[in-house]
file data_28.pdb (PDB, C-alpha atoms, pLDDT in the B column)
ATOM      1  CA  ALA A 289      15.983   6.709   3.913  1.00 73.00           C
ATOM      2  CA  GLN A 290      12.918   5.721   5.826  1.00 79.00           C
ATOM      3  CA  THR A 291      12.370   2.105   6.848  1.00 91.00           C
ATOM      4  CA  VAL A 292       9.441   0.298   8.423  1.00 95.00           C
ATOM      5  CA  THR A 293       9.880  -2.906  10.409  1.00 96.00           C
ATOM      6  CA  GLN A 294       7.261  -5.401  11.457  1.00 97.00           C
ATOM      7  CA  SER A 295       8.994  -7.974  13.595  1.00 95.00           C
ATOM      8  CA  GLN A 296       6.112 -10.454  13.828  1.00 95.00           C
ATOM      9  CA  PRO A 297       5.694 -12.412  10.581  1.00 95.00           C
ATOM     10  CA  GLU A 298       2.726 -14.373  11.938  1.00 97.00           C
ATOM     11  CA  MET A 299       0.315 -14.087  14.839  1.00 97.00           C
ATOM     12  CA  SER A 300      -2.847 -15.780  15.931  1.00 97.00           C
ATOM     13  CA  VAL A 301      -5.633 -14.853  18.326  1.00 97.00           C
ATOM     14  CA  GLN A 302      -8.819 -16.440  19.557  1.00 97.00           C
ATOM     15  CA  GLU A 303     -12.060 -14.929  18.408  1.00 97.00           C
ATOM     16  CA  ALA A 304     -13.259 -12.133  20.743  1.00 97.00           C
ATOM     17  CA  GLU A 305      -9.781 -11.702  22.227  1.00 97.00           C
ATOM     18  CA  THR A 306      -7.459  -8.715  21.820  1.00 98.00           C
ATOM     19  CA  VAL A 307      -4.259  -8.744  19.797  1.00 98.00           C
ATOM     20  CA  THR A 308      -1.521  -6.171  19.241  1.00 98.00           C
ATOM     21  CA  LEU A 309       0.625  -5.975  16.123  1.00 98.00           C
ATOM     22  CA  SER A 310       3.981  -4.221  16.360  1.00 98.00           C
ATOM     23  CA  CYS A 311       5.595  -1.738  14.013  1.00 98.00           C
ATOM     24  CA  THR A 312       8.688   0.403  14.302  1.00 97.00           C
ATOM     25  CA  TYR A 313      10.049   2.891  11.811  1.00 96.00           C
ATOM     26  CA  ASP A 314      13.134   4.908  11.252  1.00 94.00           C
ATOM     27  CA  THR A 315      13.063   8.493  10.066  1.00 91.00           C
ATOM     28  CA  SER A 316      14.649  11.850  10.704  1.00 88.00           C
ATOM     29  CA  GLU A 317      11.515  13.635   9.562  1.00 86.00           C
ATOM     30  CA  ASN A 318       9.191  15.425  11.952  1.00 85.00           C
ATOM     31  CA  ASN A 319       6.137  15.671   9.717  1.00 84.00           C
ATOM     32  CA  TYR A 320       4.700  12.405   8.507  1.00 89.00           C
ATOM     33  CA  TYR A 321       1.752  10.038   8.538  1.00 91.00           C
ATOM     34  CA  LEU A 322       1.509   6.432   9.643  1.00 94.00           C
ATOM     35  CA  PHE A 323      -1.014   3.886   8.416  1.00 95.00           C
ATOM     36  CA  TRP A 324      -2.171   0.355   8.946  1.00 97.00           C
ATOM     37  CA  TYR A 325      -3.541  -1.459   5.904  1.00 96.00           C
ATOM     38  CA  LYS A 326      -5.273  -4.823   5.872  1.00 97.00           C
ATOM     39  CA  GLN A 327      -4.908  -7.307   3.029  1.00 95.00           C
ATOM     40  CA  PRO A 328      -7.374 -10.213   3.194  1.00 94.00           C
ATOM     41  CA  PRO A 329      -7.036 -13.270   0.951  1.00 89.00           C
ATOM     42  CA  SER A 330      -8.759 -11.319  -1.820  1.00 87.00           C
ATOM     43  CA  ARG A 331      -5.500  -9.306  -2.002  1.00 87.00           C
ATOM     44  CA  GLN A 332      -7.205  -5.921  -1.871  1.00 89.00           C
ATOM     45  CA  MET A 333      -5.434  -3.338   0.281  1.00 93.00           C
ATOM     46  CA  ILE A 334      -7.871  -1.806   2.757  1.00 93.00           C
ATOM     47  CA  LEU A 335      -7.059   1.152   4.982  1.00 94.00           C
ATOM     48  CA  VAL A 336      -7.607   0.324   8.643  1.00 96.00           C
ATOM     49  CA  ILE A 337      -6.407   3.402  10.492  1.00 96.00           C
ATOM     50  CA  ARG A 338      -4.287   6.539  10.054  1.00 93.00           C
ATOM     51  CA  GLN A 339      -2.208   8.652  12.445  1.00 94.00           C
ATOM     52  CA  GLU A 340      -0.742  12.100  11.893  1.00 90.00           C
ATOM     53  CA  ALA A 341       2.641  12.475  13.571  1.00 90.00           C
ATOM     54  CA  TYR A 342       1.839  15.922  14.948  1.00 88.00           C
ATOM     55  CA  LYS A 343      -1.133  14.568  16.889  1.00 88.00           C
ATOM     56  CA  GLN A 344      -0.400  13.199  20.331  1.00 86.00           C
ATOM     57  CA  GLN A 345      -3.781  11.535  20.653  1.00 93.00           C
ATOM     58  CA  ASN A 346      -3.849   7.949  19.442  1.00 96.00           C
ATOM     59  CA  ALA A 347      -6.179   7.257  16.535  1.00 95.00           C
ATOM     60  CA  THR A 348      -9.169   4.959  17.020  1.00 96.00           C
ATOM     61  CA  GLU A 349     -11.550   3.367  14.531  1.00 94.00           C
ATOM     62  CA  ASN A 350     -14.164   1.175  16.192  1.00 95.00           C
ATOM     63  CA  ARG A 351     -12.352  -1.994  17.336  1.00 97.00           C
ATOM     64  CA  PHE A 352      -9.009  -0.776  15.988  1.00 98.00           C
ATOM     65  CA  SER A 353      -6.714   1.565  17.867  1.00 97.00           C
ATOM     66  CA  VAL A 354      -3.055   2.490  17.759  1.00 98.00           C
ATOM     67  CA  ASN A 355      -0.376   3.173  20.304  1.00 97.00           C
ATOM     68  CA  PHE A 356       1.777   5.871  18.743  1.00 96.00           C
ATOM     69  CA  GLN A 357       5.053   6.539  20.523  1.00 95.00           C
ATOM     70  CA  LYS A 358       6.805   9.209  18.479  1.00 94.00           C
ATOM     71  CA  ALA A 359      10.016   9.343  20.477  1.00 94.00           C
ATOM     72  CA  ALA A 360      10.377   5.589  20.327  1.00 95.00           C
ATOM     73  CA  LYS A 361       9.271   5.543  16.668  1.00 96.00           C
ATOM     74  CA  SER A 362       6.741   2.869  17.443  1.00 97.00           C
ATOM     75  CA  PHE A 363       3.252   2.456  15.981  1.00 97.00           C
ATOM     76  CA  SER A 364       1.396  -0.637  17.164  1.00 98.00           C
ATOM     77  CA  LEU A 365      -2.109  -1.706  16.170  1.00 98.00           C
ATOM     78  CA  LYS A 366      -4.533  -3.120  18.713  1.00 98.00           C
ATOM     79  CA  ILE A 367      -7.519  -5.114  17.546  1.00 98.00           C
ATOM     80  CA  SER A 368     -10.160  -5.609  20.213  1.00 98.00           C
ATOM     81  CA  ASP A 369     -12.894  -8.242  20.140  1.00 97.00           C
ATOM     82  CA  SER A 370     -11.212 -10.012  17.227  1.00 97.00           C
ATOM     83  CA  GLN A 371     -13.509 -11.377  14.548  1.00 97.00           C
ATOM     84  CA  LEU A 372     -12.976 -14.106  11.980  1.00 96.00           C
ATOM     85  CA  GLY A 373     -13.123 -11.448   9.275  1.00 95.00           C
ATOM     86  CA  ASP A 374     -10.038  -9.820  10.737  1.00 97.00           C
ATOM     87  CA  THR A 375      -7.955 -12.708   9.401  1.00 97.00           C
ATOM     88  CA  ALA A 376      -5.582 -11.037   6.940  1.00 97.00           C
ATOM     89  CA  MET A 377      -2.109  -9.718   6.429  1.00 97.00           C
ATOM     90  CA  TYR A 378      -1.575  -6.357   8.072  1.00 98.00           C
ATOM     91  CA  PHE A 379       0.886  -3.801   6.767  1.00 97.00           C
ATOM     92  CA  CYS A 380       2.275  -0.843   8.621  1.00 97.00           C
ATOM     93  CA  ALA A 381       3.171   2.058   6.331  1.00 95.00           C
ATOM     94  CA  PHE A 382       4.994   5.383   6.596  1.00 93.00           C
ATOM     95  CA  MET A 383       4.449   8.493   4.507  1.00 90.00           C
ATOM     96  CA  LYS A 384       6.824  11.411   4.532  1.00 82.00           C
ATOM     97  CA  LEU A 385       5.250  14.684   3.521  1.00 74.00           C
ATOM     98  CA  PRO A 386       7.424  16.512   1.009  1.00 63.00           C
ATOM     99  CA  SER A 387       6.611  20.193   1.379  1.00 57.00           C
ATOM    100  CA  GLY A 388       3.238  19.285   2.813  1.00 52.00           C
ATOM    101  CA  ASN A 389       2.196  17.379  -0.297  1.00 58.00           C
ATOM    102  CA  THR A 390       1.143  13.773  -0.558  1.00 61.00           C
ATOM    103  CA  GLY A 391       4.073  11.454  -0.546  1.00 70.00           C
ATOM    104  CA  LYS A 392       4.717   7.815  -1.215  1.00 79.00           C
ATOM    105  CA  LEU A 393       3.935   5.004   1.196  1.00 88.00           C
ATOM    106  CA  ILE A 394       6.764   2.881   2.497  1.00 91.00           C
ATOM    107  CA  PHE A 395       5.531  -0.467   3.740  1.00 93.00           C
ATOM    108  CA  GLY A 396       6.720  -2.926   6.338  1.00 95.00           C
ATOM    109  CA  GLN A 397       7.028  -6.614   5.572  1.00 94.00           C
ATOM    110  CA  GLY A 398       3.586  -7.430   6.896  1.00 96.00           C
ATOM    111  CA  THR A 399       2.166  -9.541   9.723  1.00 97.00           C
ATOM    112  CA  THR A 400      -0.174 -12.415   8.939  1.00 97.00           C
ATOM    113  CA  LEU A 401      -2.930 -12.547  11.527  1.00 98.00           C
ATOM    114  CA  GLN A 402      -5.158 -15.564  11.938  1.00 97.00           C
ATOM    115  CA  VAL A 403      -8.260 -15.319  14.085  1.00 97.00           C
ATOM    116  CA  LYS A 404      -9.260 -18.733  15.391  1.00 97.00           C
ATOM    117  CA  PRO A 405     -12.841 -19.663  16.230  1.00 95.00           C
TER     118      PRO A 405
ATOM    119  CA  ASP B 138     -17.844   6.230  -5.193  1.00 61.00           C
ATOM    120  CA  ALA B 139     -16.560   3.570  -7.599  1.00 77.00           C
ATOM    121  CA  GLY B 140     -13.080   3.322  -6.100  1.00 92.00           C
ATOM    122  CA  VAL B 141      -9.878   2.710  -8.019  1.00 95.00           C
ATOM    123  CA  ILE B 142     -10.564   0.410 -10.949  1.00 96.00           C
ATOM    124  CA  GLN B 143      -7.881  -1.830 -12.402  1.00 97.00           C
ATOM    125  CA  SER B 144      -7.850  -4.178 -15.355  1.00 97.00           C
ATOM    126  CA  PRO B 145      -7.205  -6.928 -16.026  1.00 97.00           C
ATOM    127  CA  ARG B 146      -7.652  -8.616 -12.648  1.00 95.00           C
ATOM    128  CA  HIS B 147      -5.630 -11.605 -13.768  1.00 96.00           C
ATOM    129  CA  GLU B 148      -3.337 -12.117 -16.701  1.00 96.00           C
ATOM    130  CA  VAL B 149      -1.172 -14.997 -17.759  1.00 97.00           C
ATOM    131  CA  THR B 150       1.259 -14.285 -20.555  1.00 97.00           C
ATOM    132  CA  GLU B 151       4.277 -15.830 -22.164  1.00 97.00           C
ATOM    133  CA  MET B 152       7.760 -14.511 -21.656  1.00 97.00           C
ATOM    134  CA  GLY B 153       8.611 -11.872 -24.222  1.00 97.00           C
ATOM    135  CA  GLN B 154       5.072 -10.635 -24.678  1.00 97.00           C
ATOM    136  CA  GLU B 155       3.961  -7.096 -24.000  1.00 97.00           C
ATOM    137  CA  VAL B 156       1.726  -6.570 -20.971  1.00 98.00           C
ATOM    138  CA  THR B 157      -0.431  -3.505 -20.369  1.00 98.00           C
ATOM    139  CA  LEU B 158      -2.101  -2.888 -17.041  1.00 98.00           C
ATOM    140  CA  ARG B 159      -4.772  -0.216 -16.779  1.00 98.00           C
ATOM    141  CA  CYS B 160      -6.028   1.981 -14.002  1.00 98.00           C
ATOM    142  CA  LYS B 161      -8.824   4.452 -13.462  1.00 98.00           C
ATOM    143  CA  PRO B 162      -8.288   6.489 -10.285  1.00 97.00           C
ATOM    144  CA  ILE B 163     -11.025   7.816  -8.059  1.00 95.00           C
ATOM    145  CA  SER B 164     -12.621  10.852  -9.665  1.00 94.00           C
ATOM    146  CA  GLY B 165     -11.104  14.071  -8.367  1.00 92.00           C
ATOM    147  CA  HIS B 166      -7.925  12.474  -7.067  1.00 92.00           C
ATOM    148  CA  ASP B 167      -4.772  14.210  -8.218  1.00 91.00           C
ATOM    149  CA  TYR B 168      -2.209  11.594  -7.222  1.00 92.00           C
ATOM    150  CA  LEU B 169      -1.828   8.183  -8.813  1.00 95.00           C
ATOM    151  CA  PHE B 170       0.547   5.455  -7.688  1.00 94.00           C
ATOM    152  CA  TRP B 171       1.681   2.121  -9.125  1.00 96.00           C
ATOM    153  CA  TYR B 172       2.883  -0.466  -6.600  1.00 96.00           C
ATOM    154  CA  ARG B 173       4.157  -4.006  -7.087  1.00 96.00           C
ATOM    155  CA  GLN B 174       3.825  -6.791  -4.530  1.00 95.00           C
ATOM    156  CA  THR B 175       5.992  -9.896  -4.543  1.00 94.00           C
ATOM    157  CA  MET B 176       6.852 -12.454  -1.901  1.00 89.00           C
ATOM    158  CA  MET B 177      10.518 -11.556  -2.027  1.00 89.00           C
ATOM    159  CA  ARG B 178      10.336  -7.773  -2.023  1.00 89.00           C
ATOM    160  CA  GLY B 179       6.959  -7.056  -0.468  1.00 90.00           C
ATOM    161  CA  LEU B 180       5.141  -3.893  -1.538  1.00 92.00           C
ATOM    162  CA  GLU B 181       7.266  -1.450  -3.452  1.00 91.00           C
ATOM    163  CA  LEU B 182       6.421   1.804  -5.186  1.00 92.00           C
ATOM    164  CA  LEU B 183       7.192   1.826  -8.883  1.00 95.00           C
ATOM    165  CA  ILE B 184       6.116   5.319  -9.895  1.00 95.00           C
ATOM    166  CA  TYR B 185       3.701   8.050  -8.944  1.00 93.00           C
ATOM    167  CA  PHE B 186       2.044  10.941 -10.733  1.00 94.00           C
ATOM    168  CA  ASN B 187       0.684  14.281  -9.573  1.00 92.00           C
ATOM    169  CA  ASN B 188      -1.764  15.988 -11.911  1.00 93.00           C
ATOM    170  CA  ASN B 189      -0.765  13.525 -14.657  1.00 95.00           C
ATOM    171  CA  VAL B 190       2.941  14.378 -14.341  1.00 94.00           C
ATOM    172  CA  PRO B 191       5.403  11.689 -13.167  1.00 94.00           C
ATOM    173  CA  ILE B 192       6.955  12.832  -9.895  1.00 90.00           C
ATOM    174  CA  ASP B 193       9.077   9.888  -8.846  1.00 89.00           C
ATOM    175  CA  ASP B 194       9.901   6.925 -11.064  1.00 91.00           C
ATOM    176  CA  SER B 195      12.934   5.758  -9.123  1.00 89.00           C
ATOM    177  CA  GLY B 196      11.211   2.484  -8.326  1.00 90.00           C
ATOM    178  CA  MET B 197      10.733   1.451 -11.933  1.00 94.00           C
ATOM    179  CA  PRO B 198      12.947  -1.615 -12.168  1.00 87.00           C
ATOM    180  CA  GLU B 199      14.324  -1.198 -15.661  1.00 83.00           C
ATOM    181  CA  ASP B 200      13.670   0.104 -19.131  1.00 90.00           C
ATOM    182  CA  ARG B 201      11.244  -2.684 -19.845  1.00 95.00           C
ATOM    183  CA  PHE B 202       8.775  -0.895 -17.591  1.00 97.00           C
ATOM    184  CA  SER B 203       6.982   2.286 -18.589  1.00 97.00           C
ATOM    185  CA  ALA B 204       4.013   4.168 -17.209  1.00 97.00           C
ATOM    186  CA  LYS B 205       1.836   6.873 -18.659  1.00 97.00           C
ATOM    187  CA  MET B 206      -1.016   9.039 -17.506  1.00 97.00           C
ATOM    188  CA  PRO B 207      -2.507  10.742 -20.547  1.00 97.00           C
ATOM    189  CA  ASN B 208      -5.355  12.289 -18.555  1.00 95.00           C
ATOM    190  CA  ALA B 209      -6.697  12.557 -15.029  1.00 95.00           C
ATOM    191  CA  SER B 210      -8.847   9.459 -15.303  1.00 95.00           C
ATOM    192  CA  PHE B 211      -6.534   6.909 -16.875  1.00 97.00           C
ATOM    193  CA  SER B 212      -3.085   5.426 -16.453  1.00 98.00           C
ATOM    194  CA  THR B 213      -1.211   2.476 -17.902  1.00 98.00           C
ATOM    195  CA  LEU B 214       1.757   0.426 -16.777  1.00 98.00           C
ATOM    196  CA  LYS B 215       3.436  -1.406 -19.605  1.00 98.00           C
ATOM    197  CA  ILE B 216       6.021  -4.170 -19.501  1.00 97.00           C
ATOM    198  CA  GLN B 217       7.794  -4.948 -22.753  1.00 96.00           C
ATOM    199  CA  PRO B 218       9.176  -7.560 -23.068  1.00 96.00           C
ATOM    200  CA  SER B 219       7.833  -9.389 -20.017  1.00 96.00           C
ATOM    201  CA  GLU B 220       9.932 -11.851 -18.020  1.00 96.00           C
ATOM    202  CA  PRO B 221       8.986 -14.520 -15.455  1.00 96.00           C
ATOM    203  CA  ARG B 222      10.464 -12.395 -12.646  1.00 95.00           C
ATOM    204  CA  ASP B 223       7.842  -9.745 -13.404  1.00 96.00           C
ATOM    205  CA  SER B 224       5.184 -12.066 -12.016  1.00 97.00           C
ATOM    206  CA  ALA B 225       3.541 -10.152  -9.177  1.00 97.00           C
ATOM    207  CA  VAL B 226       0.415  -8.332  -8.088  1.00 96.00           C
ATOM    208  CA  TYR B 227       0.406  -4.789  -9.430  1.00 97.00           C
ATOM    209  CA  PHE B 228      -1.630  -2.249  -7.519  1.00 97.00           C
ATOM    210  CA  CYS B 229      -2.815   1.106  -8.676  1.00 97.00           C
ATOM    211  CA  ALA B 230      -3.739   3.626  -5.999  1.00 95.00           C
ATOM    212  CA  SER B 231      -4.899   7.212  -5.843  1.00 93.00           C
ATOM    213  CA  SER B 232      -5.251  10.035  -3.374  1.00 90.00           C
ATOM    214  CA  GLN B 233      -6.342  13.627  -3.175  1.00 87.00           C
ATOM    215  CA  GLN B 234      -4.263  16.322  -1.595  1.00 78.00           C
ATOM    216  CA  GLY B 235      -6.055  17.749   1.386  1.00 69.00           C
ATOM    217  CA  SER B 236      -7.926  14.543   2.148  1.00 63.00           C
ATOM    218  CA  GLY B 237      -5.588  13.507   4.916  1.00 66.00           C
ATOM    219  CA  ASN B 238      -3.103  11.960   2.508  1.00 73.00           C
ATOM    220  CA  THR B 239      -5.005   8.692   2.529  1.00 84.00           C
ATOM    221  CA  ILE B 240      -4.131   6.489  -0.416  1.00 89.00           C
ATOM    222  CA  TYR B 241      -6.854   4.235  -1.772  1.00 92.00           C
ATOM    223  CA  PHE B 242      -5.901   1.041  -3.562  1.00 94.00           C
ATOM    224  CA  GLY B 243      -7.481  -0.829  -6.413  1.00 94.00           C
ATOM    225  CA  GLU B 244      -8.029  -4.572  -6.239  1.00 93.00           C
ATOM    226  CA  GLY B 245      -4.768  -5.278  -8.052  1.00 95.00           C
ATOM    227  CA  SER B 246      -3.786  -6.993 -11.279  1.00 97.00           C
ATOM    228  CA  TRP B 247      -2.287 -10.436 -10.779  1.00 96.00           C
ATOM    229  CA  LEU B 248       0.304 -11.021 -13.476  1.00 97.00           C
ATOM    230  CA  THR B 249       1.879 -14.377 -14.223  1.00 97.00           C
ATOM    231  CA  VAL B 250       4.596 -14.578 -16.860  1.00 97.00           C
ATOM    232  CA  VAL B 251       5.424 -18.121 -17.947  1.00 97.00           C
TER     233      VAL B 251
END
call {"tool": "encode", "arguments": {"input": "data_28.pdb", "output": "structure tokens"}}
result
Amino acid sequence: AQTVTQSQPEMSVQEAETVTLSCTYDTSENNYYLFWYKQPPSRQMILVIRQEAYKQQNATENRFSVNFQKAAKSFSLKISDSQLGDTAMYFCAFMKLPSGNTGKLIFGQGTTLQVKP
Amino acid sequence: DAGVIQSPRHEVTEMGQEVTLRCKPISGHDYLFWYRQTMMRGLELLIYFNNNVPIDDSGMPEDRFSAKMPNASFSTLKIQPSEPRDSAVYFCASSQQGSGNTIYFGEGSWLTVV
């Protein structure tokens, strides 16, 4: 079975600084997707960034980027120029692709990030 | 696009009562998921549908829980009878095959059973 581990329950960063959230996963699959979701106090789950396992290039979305190390099964999220609105819980998630179809997301425990002014 | 729409947003009910949570997926999406979030267990998948057919219901905790998807634009998650340990945020989510497997979540239904 696949597992996702986020070893940092809580983190904080000063506004405008850079912070990196860690995520490791365990799988024997070769074809899968990885995601980072953000959950602000409103509780809504918002997709931050997505990475296909077959792509070597790290995904980037504006201030958000990932460091995907497939051999090490590591998928960290870097937030540059942190903003107060980035304060939220961040979830790393894994999706196996059964026969190329959409699969279910398996989530890590989450990391609570606080951006301080 | 309207996004995934869930109702009710909040519900407080007494133990033993029936609870029905509703979901309207994004138009054109062929996958629908029900997740539950609690402090103790985090986010866990309860069940998901593909083209209105349940594919995996292994996460449904017990017979008190049931889910249906009578058509492509509507799904329900029912708890009968409800218990205090069912208190959680229930998320509905949807995705479309071929869209990069991105799953879009609704705003959640916050259930409190007293």
call {"tool": "interface_residues", "arguments": {"input": "data_28.pdb", "of": "chain A", "to": "chain B", "cutoff": "10 Å", "atoms": "all atoms listed in the file", "output": "list in words"}}
result
Tyr320, Tyr321, Leu322, Phe323, Ser330, Arg331, Gln332, Met333, Ile334, Leu335, Ile337, Arg338, Gln339, Glu340, Phe379, Met383, Leu385, Gly388, Asn389, Thr390, Gly391, Lys392, Leu393, Ile394, Phe395, Gly396, Gln397 and Gly398 of chain A
call {"tool": "closest_residue", "arguments": {"input": "data_28.pdb", "among": "B:Ile163, B:Ala225, B:Leu214, B:Val250", "to": "Ser144 in chain B", "atoms": "only C-alpha atoms"}}
result
B:Leu214
call {"tool": "residues_around", "arguments": {"input": "data_28.pdb", "residues": "range 348-359 of chain A", "least_positions_apart": "3", "cutoff": "7 Å", "atoms": "all atoms listed in the file", "output": "list in words"}}
result
Ile337, Ser362, Phe363, Ser364, Leu365, Lys366, Ile367, Ser368 and Asp369 of chain A
call {"tool": "resolve_selection", "arguments": {"input": "data_28.pdb", "expression": "the PyMOL selection byres ((chain B and resi 207) around 12)", "output": "tab-separated table (two decimals) with C-alpha atoms, in the coordinates of the input"}}
result
chain	number	residue	atom	x	y	z
B	159	ARG	CA	-4.77	-0.22	-16.78
B	160	CYS	CA	-6.03	1.98	-14.00
B	161	LYS	CA	-8.82	4.45	-13.46
B	186	PHE	CA	2.04	10.94	-10.73
B	187	ASN	CA	0.68	14.28	-9.57
B	188	ASN	CA	-1.76	15.99	-11.91
B	189	ASN	CA	-0.76	13.52	-14.66
B	190	VAL	CA	2.94	14.38	-14.34
B	191	PRO	CA	5.40	11.69	-13.17
B	204	ALA	CA	4.01	4.17	-17.21
B	205	LYS	CA	1.84	6.87	-18.66
B	206	MET	CA	-1.02	9.04	-17.51
B	208	ASN	CA	-5.36	12.29	-18.56
B	209	ALA	CA	-6.70	12.56	-15.03
B	210	SER	CA	-8.85	9.46	-15.30
B	211	PHE	CA	-6.53	6.91	-16.88
B	212	SER	CA	-3.08	5.43	-16.45
B	213	THR	CA	-1.21	2.48	-17.90
B	214	LEU	CA	1.76	0.43	-16.78
call {"tool": "atom_distance", "arguments": {"input": "data_28.pdb", "atom1": "CA of Trp171 in chain B", "atom2": "CA of Asp314 in chain A"}}
result
23.5 Å
call {"tool": "atom_distance", "arguments": {"input": "data_28.pdb", "atom1": "CA of Gly373 in chain A", "atom2": "CA of Ala304 in chain A"}}
result
11.5 Å
